[in-house]
Amino acid sequence: MTTPFSPPLYMQRYQFVIDYVKTYRPKKVIDFGCAECCLLKKLKFHRNGIQLLVGVDINSVVLLKRMHTLAPLISDYLQPSDGPLTIELYQGSVTEREPCTRGFDLVTCVELIEHLELVEVASFSEVVFGYMSPGAVIVSTPNAEFNPLLPGLRGFRNYDHKFEWTRAEFESWAHKVCRDYGYSVHFTGVGEAVGHWREVGFCTQIAVFQRNFHDSMSNAERLEPSVYRLMYKVVYPSLSDNNIYQRTLVNEVLYEAQHLRQEWLSRMDSSNNAHFCAPPLMHLFQHGAEGGTPDWQPVYQQGGTICVPLACVWSSPRVRVLCGSVQRLREELLEDERVRMSADGTVLNLPAADAEEAEEKEEVEEEEDVKAVSVVANSVEEDWDRELGCYGNI
Amino acid sequence: MTGRARARSRGRGRGQEPAAPGAQPSVQQEAAKPVMPTPPEVQLVGRGRQKPAPGAMSEEAMLQISAGFQQVKIGERGGRRRDFHDSGVHTRQLMEHVKESKTGVSGTAIELRANFMRLLSRPLWALYQYHVDYKPPMESRRLRSALLFQHEETLGKAHTFDGAILFLPNKLHNTVCFQILKVLIISVALSEALERGLDLVVSDNLLYLQETVLCSETRNGEKVEITVTLTNELPPSSPVCLQFYNILFRRILRILNMQQIGRHYYNPDDPFNIPQHRLTIWPGFVTTILQYESSIMLCTDVSHKVLRSETVLDFMYSLRQQCGDQRFPEACTKELVGLIILTKYNNKTYRIDDIAWDHTPNNTFKKGDTEISFKNYFKTQYGLDITDGNQVLLVSHVKRLGPSGRPPPGPAMLVPEFCYLTGLTDKMRADFNIMKDLASHTRLSPEQRESRINRLISNINRNADVQNELTTWGLSFENRLLSMNGRVLPSERIIQGGRAYEYSPWTADWTKEMRGLPLISCMSLDNWLMFYTRRNADVAQSLLQTLNKVSGPMGIHMQRAIMIEYEDRQESLLRALQQNVARETQMVVVILPTNRKDKYDCVKKYLCVDCPTPSQCVVSRTISKPQALMTVATKIALQMNCKMGGELWSVEIPLRQLMIVGIDCYHDTATGKRSIGALVASLNQGMSRWFSKCVLQNRGQEIIDALKGSLQAALKAYLKYNNSLPSRIIVYRDGVGDGMLRSVVDYEVPQIMQSIKTMGQDYEPKLSVVVVKKRISSRFFARIDGKIANPPPGTVIDTEVTRPEWYDFFIVSQAVRFGCVAPTHYNVVFDSSGLKPDHMQRLTYKLCHMYYNWQGIVRVPAPCQYAHKLAFLVGQSIHKEPNMNLDDFLYYL
């Protein structure tokens, strides 16, 4: 079936959800009938603060086939995101009550209900709106009134469709849901016909439901699935993981500190060449370790160490973004064994000299000791040519 | 010059082909393209059942399998894929003398463990290959797959399907049967069956066809009849099965949450960092499952991936800061081109081939029918914002074919902000501190390495999902490393003049032993020059004195050098050389103030090409420490002697009229992408004099074409020295990449023979060609004093982990103080010498003693090491063919 839409209709449906997420910023999202996980994959990129992304499908094979496309990318490890993200995939039916699906902010059912038998639609409504009662629900389904415009279409748009509703039918179902479970709804859609055909409505009709009451479930603890079967779960690396945060911060700090050290060393080097060498202690006394304006502290040398004041490191924007205050930075660094700091936590200590190349370390010359050297005499000499019996014919 | 001398000429990013990049970063397009079904002939190839024959397969079966293999490939996604394991190159069967046995006998046995694990399958295990047909025909691979797996209850959980060929671990049982009522029907059924390449069984008046008919329905309600026909029953060792195991193992690594980068898998959860350079190193594994000598095994070695949490844009910013706007474009091209980058929005890697200075993210490209800017594309597709709208774009020429063999989709444009750098730059490689930090993490002791591999094994055995995956296919891995036996060859006696001595077998080094002994032959230094800068006047003087002191006991007569001071600038150094180096100058020593490459290159260029004179460069720092000066001067004196044609030591070579040839090449990735081939050939019995030739390869030319002339020149030189041509020639060919073995066997060997032929119609020397491979993932561990340690130098392995179709062996020749020793793999691809395997192994080991730049045993036979050194010098510094007057000297040491 070729659709005359550009971008293709399915893309427009996904885009609709993405736009919704961008505006309302739900934290927990569940996608029913996620099939090949295309929407989930898109949402993973257009995260907008989503922390928990769940996909449910009745077909476990398709989940198993596609689940690895939801794994974190290499770059997700290289540059962990600020907020946490967990993705879970379940095999299960939307007509079953699963405790762990409660307390979500958004449920999406993109082109799902028309695959249910009409009798199942009632239990679908009960489970999704009554039992799960998420903050919002997006339901999309074909608009039967649009079908005559689709070239070459006879019957339903898909063999598995059990029904295709007109706008009136869809709306009456939606309004009933709102009455029964305390939601309000507005209707929209994607895929418009042109010209006077406009009046048939969107090709895909969409209902967006908002819950009218406050829900106490949203902060409830996550439960283990009892009805659904967990197929896949992945926790994305993020700065909300303390280990990752610590590692990222320390890396950033050491990067900055090493650069400051290098800069200082090369400056010293050039002034050394000009036969000028400021006594290192002078710097220390001139600017004082106890502060004044925190940004105005130079790097200095003390014996075999280069001292980089914390304030210098703090001036790096990357460090600032990671760490709200100097105070916090100090605390984090004092905990880490990779960072050597002064006792009061104001200065980072780095070695002044790079390690020498090890290969120079030759053993000390020994006295000429003449080794007892045997003279070639009684060792058995081999002759492979003869052994091979081909010596004669060369 | 130790720093540079040790630098390795690794091709950057080798073996890491960009993974399937599309022309434009449009994933959608790529995925949606239909894949042509495999041509119908496939089902007929390799028909007939190959009974699982343990051990040796009949030649016929082997041919049949390989014929089938060329056409049937699992998981082929429309692209060309190189066969990295060189399977299907059967050289051993052509060598009569090793058909029975290719093992040696010398030496003492040693118990070893190898990084191999046996793959176990239940008895009579087979992989069943089915052909899948659709009526009406279906184009899309996805649809084909979806339709087929509506029948999972029939097909079972374990399956692999590429759109036309289905692999199952079980036989399907629903078979169509026709009752034989009339002869007519039988003949119709038979002819149909034969035409379609079906297996058929006649029994009890019934004719069974091994096919299953399934009915599926598309989303549009179209009924589709799917015929699944058994076409082949593959024994565990068939090439298709091997390919299948590898795919399966990749799945397993993915289940263990490993990330694929290039061809290997890495663990992202346990990184270590070198913050100073924003490096992140992921530990991982290189794995291959192949048919080894006696069983199918998994070979797995520890590997590390260097990633950088720095984008190309970050890099460009700091580069611009360093070198200013003016020099930025040039510096940027120099630093970036050739690097492999990783894109942020998918896991693909690309090689930077160019920089599009006139393109920014605001430029547009065609996606489908519409033009879209890069900026908008990334925003809508991945929710990524481009912060710098003025950044220039990177260009990567995608070599890989498009889907279904279409021509490559053209260059890919990449946004620097979304590209992470990977790997090390040459600058980093030269930085001792980075390399030290890296080595502290990546250089594993034998014990550490073994425990890492063991940890992988236990992860495989403990993980329920992995076990599940394996058992559905009826496979499992032995849960320990392979135990096997090797042999340690006796240590060689080093002959120097009339004396011989032995070295300590564990250190494999005779620096101490040779002290105070005269060399085999010495060139006296009567007319030589030493260049130095004013600052280094003192060290130059003390070097001269020390050289004089150490050269006496060696037997070198040394006159005082003419001392020439030069100003510390490249032009003045060159001028000083031009003015002072004369025809009769025997040797030029240049003391360089720093190890900057430009001056070194300048010296070598002038003295190797324009004014052929042996030369010796010394960085002032290496001779600045008085306590080390004796050692350094000794090495320099030895090196100078070699460069002028002197000989240092020898080992007993029990074959006469033998010429050993070493070939290696250097791939100059940075400039011009020209390859350089070097050939080094022995001229005397003691393997102490060598003829060397280096050629620059022309575009589209095979390296051997250029080296053919060199081999002839070498033979002529041999004739001149010995008054006869060699009756045996053994060629050690290094620098053969993964998957290039076939071209060596099919093309290079005949070329070598042809070039020998030109010496005379009736000249027929015995020829052996040995492919030498240093970069392999096989590792061996010995147990010494209760501890896991490296095998001692001289350990030969020629059973179990070798390949049945090759005449091959491993030798651990060098000794390493830190880390794991890497064995060298030798594959004798052609051999008319009749030498016993034992001789071949021992000769090879002997030749590892003959590299004059190292008073110890090296990793490869000396001619290979010489050829490597020569190619490296030409590729790195000279970029031209050296002057032929130098051919008889080891001037490149």
# chains A, B, ... in the order shown; residues from 1 in each chain; ligands from 1

call {"tool": "residues_around", "arguments": {"residues": "segment 631-644 of chain B", "least_positions_apart": "3", "cutoff": "8 Å", "atoms": "only C-alpha atoms", "output": "list in words"}}
result
Glu362 and Glu365 of chain A; Cys522, Met523, Leu543, Thr546, Leu547, Val550, Ser551, Gln586, Met587, Pro614, Ser615, Gln616, Thr622, Ile623, Ala628, Glu647, Leu648, Tyr852, Asn853, Phe889, Leu890, Tyr891, Tyr892 and Leu893 of chain B

call {"tool": "write_last_selection", "arguments": {"atoms": "C-alpha atoms", "output": "CSV table (one decimal), in the first residue's frame"}}
result
chain,number,residue,atom,x,y,z
A,362,GLU,CA,71.1,0.1,31.5
A,365,GLU,CA,79.1,-1.3,33.5
B,522,CYS,CA,85.8,-5.4,10.8
B,523,MET,CA,85.9,-2.4,8.5
B,543,LEU,CA,81.6,9.9,22.2
B,546,THR,CA,84.6,6.1,24.0
B,547,LEU,CA,84.1,4.8,20.4
B,550,VAL,CA,85.4,0.2,22.7
B,551,SER,CA,86.4,-0.5,19.1
B,586,GLN,CA,83.4,5.9,4.7
B,587,MET,CA,81.1,6.9,7.5
B,614,PRO,CA,76.7,5.0,5.3
B,615,SER,CA,75.6,7.2,8.1
B,616,GLN,CA,74.8,7.0,11.8
B,622,THR,CA,71.3,9.2,24.5
B,623,ILE,CA,75.0,9.9,24.9
B,628,ALA,CA,75.7,4.7,30.0
B,647,GLU,CA,80.1,-8.9,10.0
B,648,LEU,CA,79.4,-9.4,13.7
B,852,TYR,CA,72.8,-7.4,13.9
B,853,ASN,CA,70.9,-4.5,15.5
B,889,PHE,CA,75.4,-2.9,2.9
B,890,LEU,CA,73.1,-2.9,5.9
B,891,TYR,CA,73.0,0.9,5.6
B,892,TYR,CA,69.5,1.2,7.1
B,893,LEU,CA,70.2,-0.4,10.5

call {"tool": "interface_residues", "arguments": {"of": "chain B", "to": "chain A", "cutoff": "7 Å", "atoms": "only C-alpha atoms", "output": "mmCIF file with C-alpha atoms, in the first residue's frame"}}
result
data_model
loop_
_atom_site.group_PDB
_atom_site.id
_atom_site.type_symbol
_atom_site.label_atom_id
_atom_site.label_comp_id
_atom_site.auth_asym_id
_atom_site.auth_seq_id
_atom_site.Cartn_x
_atom_site.Cartn_y
_atom_site.Cartn_z
ATOM 1 C CA ARG B 219 -0.386 -7.630 6.492
ATOM 2 C CA ASN B 220 -2.506 -6.958 3.478
ATOM 3 C CA GLY B 221 -4.098 -10.329 3.765
ATOM 4 C CA PRO B 268 32.080 -0.737 28.173
ATOM 5 C CA PRO B 275 42.444 11.820 31.628
ATOM 6 C CA GLN B 276 45.354 13.915 30.462
ATOM 7 C CA HIS B 277 44.489 13.068 26.878
ATOM 8 C CA ARG B 278 40.864 12.194 27.378
ATOM 9 C CA SER B 309 35.940 11.250 24.841
ATOM 10 C CA LYS B 344 27.801 9.762 18.091
ATOM 11 C CA ASN B 346 25.181 5.227 15.691
ATOM 12 C CA ASN B 347 28.061 2.906 16.287
ATOM 13 C CA TYR B 382 18.365 12.184 16.603
ATOM 14 C CA GLY B 383 17.371 15.218 18.620
ATOM 15 C CA PHE B 432 56.595 8.195 26.159
ATOM 16 C CA ARG B 499 85.225 -18.796 18.979
ATOM 17 C CA ALA B 500 81.774 -19.916 19.904
ATOM 18 C CA TYR B 501 79.686 -19.279 22.957
ATOM 19 C CA GLU B 513 78.918 -12.829 26.213
ATOM 20 C CA ALA B 628 75.656 4.670 29.973
ATOM 21 C CA PRO B 654 73.936 -26.804 8.024
ATOM 22 C CA LEU B 655 72.772 -26.212 4.455
ATOM 23 C CA SER B 727 70.638 -24.359 -5.186
#

call {"tool": "residues_around", "arguments": {"residues": "Leu106 of chain A", "least_positions_apart": "2", "cutoff": "7 Å", "atoms": "only C-alpha atoms", "output": "list in words"}}
result
Pro26, Lys28, Val29, Ile30, Phe104, Thr108, Pro134, Gly135, Ala136 and Val137 of chain A

call {"tool": "closest_residue", "arguments": {"among": "A:Trp314, A:Leu322, A:Leu53, A:Ser60", "to": "Gln150 of chain B", "atoms": "only C-alpha atoms"}}
result
A:Ser60

call {"tool": "residues_around", "arguments": {"residues": "Lys65 of chain A", "least_positions_apart": "2", "cutoff": "12 Å", "atoms": "only C-alpha atoms", "output": "mmCIF file with all heavy atoms, in the first residue's frame"}}
result
data_model
loop_
_atom_site.group_PDB
_atom_site.id
_atom_site.type_symbol
_atom_site.label_atom_id
_atom_site.label_comp_id
_atom_site.auth_asym_id
_atom_site.auth_seq_id
_atom_site.Cartn_x
_atom_site.Cartn_y
_atom_site.Cartn_z
ATOM 1 N N ALA A 35 6.332 -3.603 18.989
ATOM 2 C CA ALA A 35 6.793 -4.393 17.844
ATOM 3 C C ALA A 35 8.286 -4.238 17.591
ATOM 4 O O ALA A 35 9.094 -4.705 18.378
ATOM 5 C CB ALA A 35 5.991 -4.056 16.609
ATOM 6 N N GLU A 36 8.641 -3.558 16.533
ATOM 7 C CA GLU A 36 10.056 -3.485 16.189
ATOM 8 C C GLU A 36 10.789 -2.368 16.924
ATOM 9 O O GLU A 36 11.932 -2.045 16.597
ATOM 10 C CB GLU A 36 10.213 -3.352 14.677
ATOM 11 C CG GLU A 36 9.895 -4.671 14.011
ATOM 12 C CD GLU A 36 9.744 -4.583 12.515
ATOM 13 O OE1 GLU A 36 9.389 -3.487 12.027
ATOM 14 O OE2 GLU A 36 9.967 -5.588 11.844
ATOM 15 N N CYS A 37 10.149 -1.826 17.902
ATOM 16 C CA CYS A 37 10.761 -0.858 18.810
ATOM 17 C C CYS A 37 11.193 0.430 18.122
ATOM 18 O O CYS A 37 12.090 1.125 18.604
ATOM 19 C CB CYS A 37 11.963 -1.458 19.543
ATOM 20 S SG CYS A 37 11.618 -3.014 20.340
ATOM 21 N N ASN A 59 4.203 -10.235 20.970
ATOM 22 C CA ASN A 59 5.056 -11.117 20.176
ATOM 23 C C ASN A 59 6.494 -11.037 20.684
ATOM 24 O O ASN A 59 7.188 -10.039 20.480
ATOM 25 C CB ASN A 59 4.963 -10.677 18.713
ATOM 26 C CG ASN A 59 5.775 -11.559 17.789
ATOM 27 O OD1 ASN A 59 6.574 -12.384 18.240
ATOM 28 N ND2 ASN A 59 5.574 -11.378 16.506
ATOM 29 N N SER A 60 6.948 -12.116 21.327
ATOM 30 C CA SER A 60 8.285 -12.058 21.923
ATOM 31 C C SER A 60 9.379 -12.198 20.880
ATOM 32 O O SER A 60 10.485 -11.713 21.053
ATOM 33 C CB SER A 60 8.430 -13.167 22.966
ATOM 34 O OG SER A 60 8.360 -14.424 22.330
ATOM 35 N N VAL A 61 9.058 -12.850 19.757
ATOM 36 C CA VAL A 61 10.090 -13.076 18.737
ATOM 37 C C VAL A 61 10.592 -11.759 18.173
ATOM 38 O O VAL A 61 11.794 -11.525 18.051
ATOM 39 C CB VAL A 61 9.536 -13.949 17.599
ATOM 40 C CG1 VAL A 61 10.602 -14.187 16.556
ATOM 41 C CG2 VAL A 61 9.024 -15.262 18.142
ATOM 42 N N VAL A 62 9.636 -10.890 17.881
ATOM 43 C CA VAL A 62 10.027 -9.620 17.286
ATOM 44 C C VAL A 62 10.811 -8.789 18.297
ATOM 45 O O VAL A 62 11.762 -8.086 17.951
ATOM 46 C CB VAL A 62 8.794 -8.884 16.707
ATOM 47 C CG1 VAL A 62 7.845 -8.469 17.796
ATOM 48 C CG2 VAL A 62 9.220 -7.696 15.884
ATOM 49 N N LEU A 63 10.460 -8.933 19.571
ATOM 50 C CA LEU A 63 11.215 -8.208 20.601
ATOM 51 C C LEU A 63 12.650 -8.718 20.665
ATOM 52 O O LEU A 63 13.605 -7.944 20.689
ATOM 53 C CB LEU A 63 10.553 -8.370 21.969
ATOM 54 C CG LEU A 63 9.215 -7.666 22.179
ATOM 55 C CD1 LEU A 63 8.748 -7.862 23.615
ATOM 56 C CD2 LEU A 63 9.346 -6.182 21.886
ATOM 57 N N MET A 67 15.639 -6.162 20.093
ATOM 58 C CA MET A 67 15.932 -5.512 21.368
ATOM 59 C C MET A 67 17.328 -4.888 21.424
ATOM 60 O O MET A 67 17.515 -3.862 22.057
ATOM 61 C CB MET A 67 15.747 -6.493 22.513
ATOM 62 C CG MET A 67 16.683 -7.659 22.502
ATOM 63 S SD MET A 67 16.149 -8.844 23.723
ATOM 64 C CE MET A 67 17.527 -9.949 23.727
ATOM 65 N N HIS A 68 18.271 -5.483 20.708
ATOM 66 C CA HIS A 68 19.631 -4.955 20.821
ATOM 67 C C HIS A 68 19.793 -3.595 20.169
ATOM 68 O O HIS A 68 20.753 -2.894 20.426
ATOM 69 C CB HIS A 68 20.628 -5.948 20.242
ATOM 70 C CG HIS A 68 20.825 -7.118 21.139
ATOM 71 N ND1 HIS A 68 21.440 -7.016 22.357
ATOM 72 C CD2 HIS A 68 20.443 -8.405 21.014
ATOM 73 C CE1 HIS A 68 21.448 -8.190 22.954
ATOM 74 N NE2 HIS A 68 20.841 -9.053 22.155
ATOM 75 N N THR A 69 18.819 -3.213 19.347
ATOM 76 C CA THR A 69 18.917 -1.876 18.768
ATOM 77 C C THR A 69 18.684 -0.811 19.832
ATOM 78 O O THR A 69 18.927 0.360 19.593
ATOM 79 C CB THR A 69 17.896 -1.680 17.637
ATOM 80 O OG1 THR A 69 16.591 -1.858 18.196
ATOM 81 C CG2 THR A 69 18.096 -2.673 16.519
ATOM 82 N N LEU A 70 18.210 -1.236 20.995
ATOM 83 C CA LEU A 70 17.971 -0.260 22.058
ATOM 84 C C LEU A 70 19.152 -0.150 23.011
ATOM 85 O O LEU A 70 19.109 0.610 23.968
ATOM 86 C CB LEU A 70 16.713 -0.654 22.840
ATOM 87 C CG LEU A 70 15.416 -0.623 22.033
ATOM 88 C CD1 LEU A 70 14.275 -1.172 22.863
ATOM 89 C CD2 LEU A 70 15.098 0.795 21.591
ATOM 90 N N LEU A 89 11.855 -4.107 28.086
ATOM 91 C CA LEU A 89 10.909 -4.677 27.122
ATOM 92 C C LEU A 89 10.211 -5.870 27.764
ATOM 93 O O LEU A 89 10.853 -6.701 28.391
ATOM 94 C CB LEU A 89 11.638 -5.132 25.860
ATOM 95 C CG LEU A 89 12.274 -4.054 24.983
ATOM 96 C CD1 LEU A 89 12.961 -4.703 23.794
ATOM 97 C CD2 LEU A 89 11.236 -3.055 24.511
ATOM 98 N N MET A 231 11.803 -9.244 28.876
ATOM 99 C CA MET A 231 12.634 -9.769 27.792
ATOM 100 C C MET A 231 13.996 -9.097 27.759
ATOM 101 O O MET A 231 14.988 -9.678 27.334
ATOM 102 C CB MET A 231 11.957 -9.530 26.431
ATOM 103 C CG MET A 231 10.548 -10.069 26.301
ATOM 104 S SD MET A 231 10.463 -11.838 26.547
ATOM 105 C CE MET A 231 11.333 -12.415 25.112
ATOM 106 N N TYR A 232 14.020 -7.849 28.150
ATOM 107 C CA TYR A 232 15.254 -7.080 27.972
ATOM 108 C C TYR A 232 15.230 -5.905 28.918
ATOM 109 O O TYR A 232 14.185 -5.295 29.123
ATOM 110 C CB TYR A 232 15.331 -6.589 26.531
ATOM 111 C CG TYR A 232 16.561 -5.791 26.182
ATOM 112 C CD1 TYR A 232 17.807 -6.409 26.104
ATOM 113 C CD2 TYR A 232 16.481 -4.428 25.925
ATOM 114 C CE1 TYR A 232 18.934 -5.686 25.782
ATOM 115 C CE2 TYR A 232 17.613 -3.699 25.593
ATOM 116 C CZ TYR A 232 18.838 -4.333 25.524
ATOM 117 O OH TYR A 232 19.961 -3.621 25.199
ATOM 118 N N ARG B 142 12.925 -8.357 4.949
ATOM 119 C CA ARG B 142 12.220 -8.253 6.215
ATOM 120 C C ARG B 142 10.902 -8.998 6.166
ATOM 121 O O ARG B 142 10.532 -9.719 7.080
ATOM 122 C CB ARG B 142 11.949 -6.779 6.510
ATOM 123 C CG ARG B 142 12.605 -6.357 7.777
ATOM 124 C CD ARG B 142 11.933 -5.117 8.268
ATOM 125 N NE ARG B 142 12.954 -4.130 8.580
ATOM 126 C CZ ARG B 142 12.684 -2.913 9.002
ATOM 127 N NH1 ARG B 142 11.441 -2.512 9.105
ATOM 128 N NH2 ARG B 142 13.652 -2.094 9.288
ATOM 129 N N SER B 145 11.334 -12.705 6.118
ATOM 130 C CA SER B 145 11.650 -13.189 7.443
ATOM 131 C C SER B 145 10.400 -13.194 8.325
ATOM 132 O O SER B 145 10.111 -14.165 9.028
ATOM 133 C CB SER B 145 12.744 -12.298 8.009
ATOM 134 O OG SER B 145 12.902 -12.510 9.337
ATOM 135 N N ALA B 146 9.632 -12.108 8.272
ATOM 136 C CA ALA B 146 8.428 -12.012 9.104
ATOM 137 C C ALA B 146 7.439 -13.124 8.757
ATOM 138 O O ALA B 146 6.848 -13.745 9.636
ATOM 139 C CB ALA B 146 7.779 -10.650 8.917
ATOM 140 N N PHE B 149 8.669 -16.590 10.013
ATOM 141 C CA PHE B 149 8.663 -16.846 11.448
ATOM 142 C C PHE B 149 7.295 -16.720 12.075
ATOM 143 O O PHE B 149 7.154 -16.754 13.284
ATOM 144 C CB PHE B 149 9.727 -15.991 12.138
ATOM 145 C CG PHE B 149 11.094 -16.405 11.699
ATOM 146 C CD1 PHE B 149 11.944 -15.534 11.054
ATOM 147 C CD2 PHE B 149 11.491 -17.711 11.885
ATOM 148 C CE1 PHE B 149 13.184 -15.950 10.610
ATOM 149 C CE2 PHE B 149 12.727 -18.134 11.454
ATOM 150 C CZ PHE B 149 13.572 -17.252 10.802
ATOM 151 N N LYS B 157 12.945 -22.599 17.926
ATOM 152 C CA LYS B 157 13.460 -21.318 18.410
ATOM 153 C C LYS B 157 14.784 -20.939 17.770
ATOM 154 O O LYS B 157 15.086 -19.781 17.568
ATOM 155 C CB LYS B 157 13.657 -21.406 19.929
ATOM 156 C CG LYS B 157 12.421 -21.024 20.706
ATOM 157 C CD LYS B 157 12.805 -20.165 21.906
ATOM 158 C CE LYS B 157 11.609 -19.401 22.434
ATOM 159 N NZ LYS B 157 10.706 -20.242 23.225
ATOM 160 N N HIS B 159 17.189 -20.506 14.898
ATOM 161 C CA HIS B 159 17.215 -20.431 13.443
ATOM 162 C C HIS B 159 18.044 -19.245 13.007
ATOM 163 O O HIS B 159 18.217 -18.275 13.753
ATOM 164 C CB HIS B 159 15.807 -20.318 12.872
ATOM 165 C CG HIS B 159 14.948 -19.320 13.588
ATOM 166 N ND1 HIS B 159 15.202 -17.987 13.595
ATOM 167 C CD2 HIS B 159 13.853 -19.499 14.372
ATOM 168 C CE1 HIS B 159 14.282 -17.372 14.320
ATOM 169 N NE2 HIS B 159 13.460 -18.262 14.816
ATOM 170 N N THR B 160 18.563 -19.350 11.818
ATOM 171 C CA THR B 160 19.269 -18.232 11.205
ATOM 172 C C THR B 160 18.799 -18.157 9.781
ATOM 173 O O THR B 160 18.770 -19.169 9.079
ATOM 174 C CB THR B 160 20.788 -18.472 11.264
ATOM 175 O OG1 THR B 160 21.198 -18.273 12.607
ATOM 176 C CG2 THR B 160 21.538 -17.509 10.384
ATOM 177 N N PHE B 161 18.401 -16.992 9.363
ATOM 178 C CA PHE B 161 17.781 -16.856 8.056
ATOM 179 C C PHE B 161 18.277 -15.585 7.397
ATOM 180 O O PHE B 161 18.304 -14.534 8.018
ATOM 181 C CB PHE B 161 16.258 -16.800 8.238
ATOM 182 C CG PHE B 161 15.494 -16.691 6.944
ATOM 183 C CD1 PHE B 161 15.657 -17.636 5.949
ATOM 184 C CD2 PHE B 161 14.611 -15.640 6.736
ATOM 185 C CE1 PHE B 161 14.950 -17.542 4.760
ATOM 186 C CE2 PHE B 161 13.905 -15.539 5.553
ATOM 187 C CZ PHE B 161 14.067 -16.495 4.563
ATOM 188 N N ARG B 251 26.810 -13.169 18.885
ATOM 189 C CA ARG B 251 25.568 -13.005 19.625
ATOM 190 C C ARG B 251 25.829 -13.169 21.120
ATOM 191 O O ARG B 251 25.308 -12.422 21.942
ATOM 192 C CB ARG B 251 24.577 -14.077 19.184
ATOM 193 C CG ARG B 251 23.488 -13.531 18.288
ATOM 194 C CD ARG B 251 22.455 -14.611 18.059
ATOM 195 N NE ARG B 251 22.340 -14.885 16.631
ATOM 196 C CZ ARG B 251 21.660 -15.913 16.138
ATOM 197 N NH1 ARG B 251 21.081 -16.786 16.940
ATOM 198 N NH2 ARG B 251 21.582 -16.077 14.843
#

call {"tool": "residues_around", "arguments": {"residues": "segment 570-578 of chain B", "least_positions_apart": "3", "cutoff": "9 Å", "atoms": "only C-alpha atoms", "output": "list in words"}}
result
Phe531, Ile564, Glu565, Tyr566, Glu567, Val581, Ala582, Val588, Asp598, Lys599, Cys602, Val603, Tyr606, Leu607 and Cys611 of chain B

call {"tool": "select_by_dssp", "arguments": {"residues": "segment 515-684 of chain B", "states": "alpha helix (DSSP H)", "output": "MDAnalysis selection string"}}
result
chainID B and resid 537:554 570:580 597:605 626:643

call {"tool": "closest_residue", "arguments": {"among": "B:Ser373, B:Asn790, B:Gln712, B:Thr471", "to": "Arg449 of chain B", "atoms": "only C-alpha atoms"}}
result
B:Asn790

call {"tool": "residues_around", "arguments": {"residues": "Glu117 of chain A", "least_positions_apart": "4", "cutoff": "9 Å", "atoms": "only C-alpha atoms", "output": "PDB file with C-alpha atoms, in the first residue's frame"}}
result
ATOM      1  CA  ILE A 113      -6.565  -0.961  19.239  1.00  0.00           C
ATOM      2  CA  VAL A 121     -11.379  -3.095  23.528  1.00  0.00           C
ATOM      3  CA  HIS A 161      -7.316  -5.199  11.606  1.00  0.00           C
ATOM      4  CA  LYS A 162     -10.454  -6.277  13.375  1.00  0.00           C
ATOM      5  CA  PHE A 163     -12.183  -2.953  12.818  1.00  0.00           C
TER       6      PHE A 163
END

call {"tool": "closest_residue", "arguments": {"among": "A:Tyr90, A:Phe129, A:Phe146, A:Tyr300", "to": "Gly191 of chain A", "atoms": "only C-alpha atoms"}}
result
A:Phe146

call {"tool": "atom_distance", "arguments": {"atom1": "atom CA of Arg779 of chain B", "atom2": "atom CA of His97 of chain B"}}
result
28.1 Å

call {"tool": "residues_around", "arguments": {"residues": "Leu329 of chain A", "least_positions_apart": "6", "cutoff": "9 Å", "atoms": "only C-alpha atoms", "output": "PyMOL selection string"}}
result
chain A and resi 249+310+314+319-320+322-323

call {"tool": "atom_distance", "arguments": {"atom1": "atom CA of Gly33 of chain A", "atom2": "atom CA of Glu225 of chain B"}}
result
26.9 Å

call {"tool": "decode", "arguments": {"residues": "segment 59-69 of chain A", "atoms": "C-alpha atoms", "output": "short mmCIF file (atom, residue, chain, number, x, y, z; two decimals), in the first residue's frame"}}
result
data_model
loop_
_atom_site.label_atom_id
_atom_site.label_comp_id
_atom_site.auth_asym_id
_atom_site.auth_seq_id
_atom_site.Cartn_x
_atom_site.Cartn_y
_atom_site.Cartn_z
CA ASN A 59 5.06 -11.12 20.18
CA SER A 60 8.28 -12.06 21.92
CA VAL A 61 10.09 -13.08 18.74
CA VAL A 62 10.03 -9.62 17.29
CA LEU A 63 11.21 -8.21 20.60
CA LEU A 64 14.11 -10.62 20.78
CA LYS A 65 15.08 -9.76 17.25
CA ARG A 66 15.11 -6.05 17.72
CA MET A 67 15.93 -5.51 21.37
CA HIS A 68 19.63 -4.95 20.82
CA THR A 69 18.92 -1.88 18.77
#
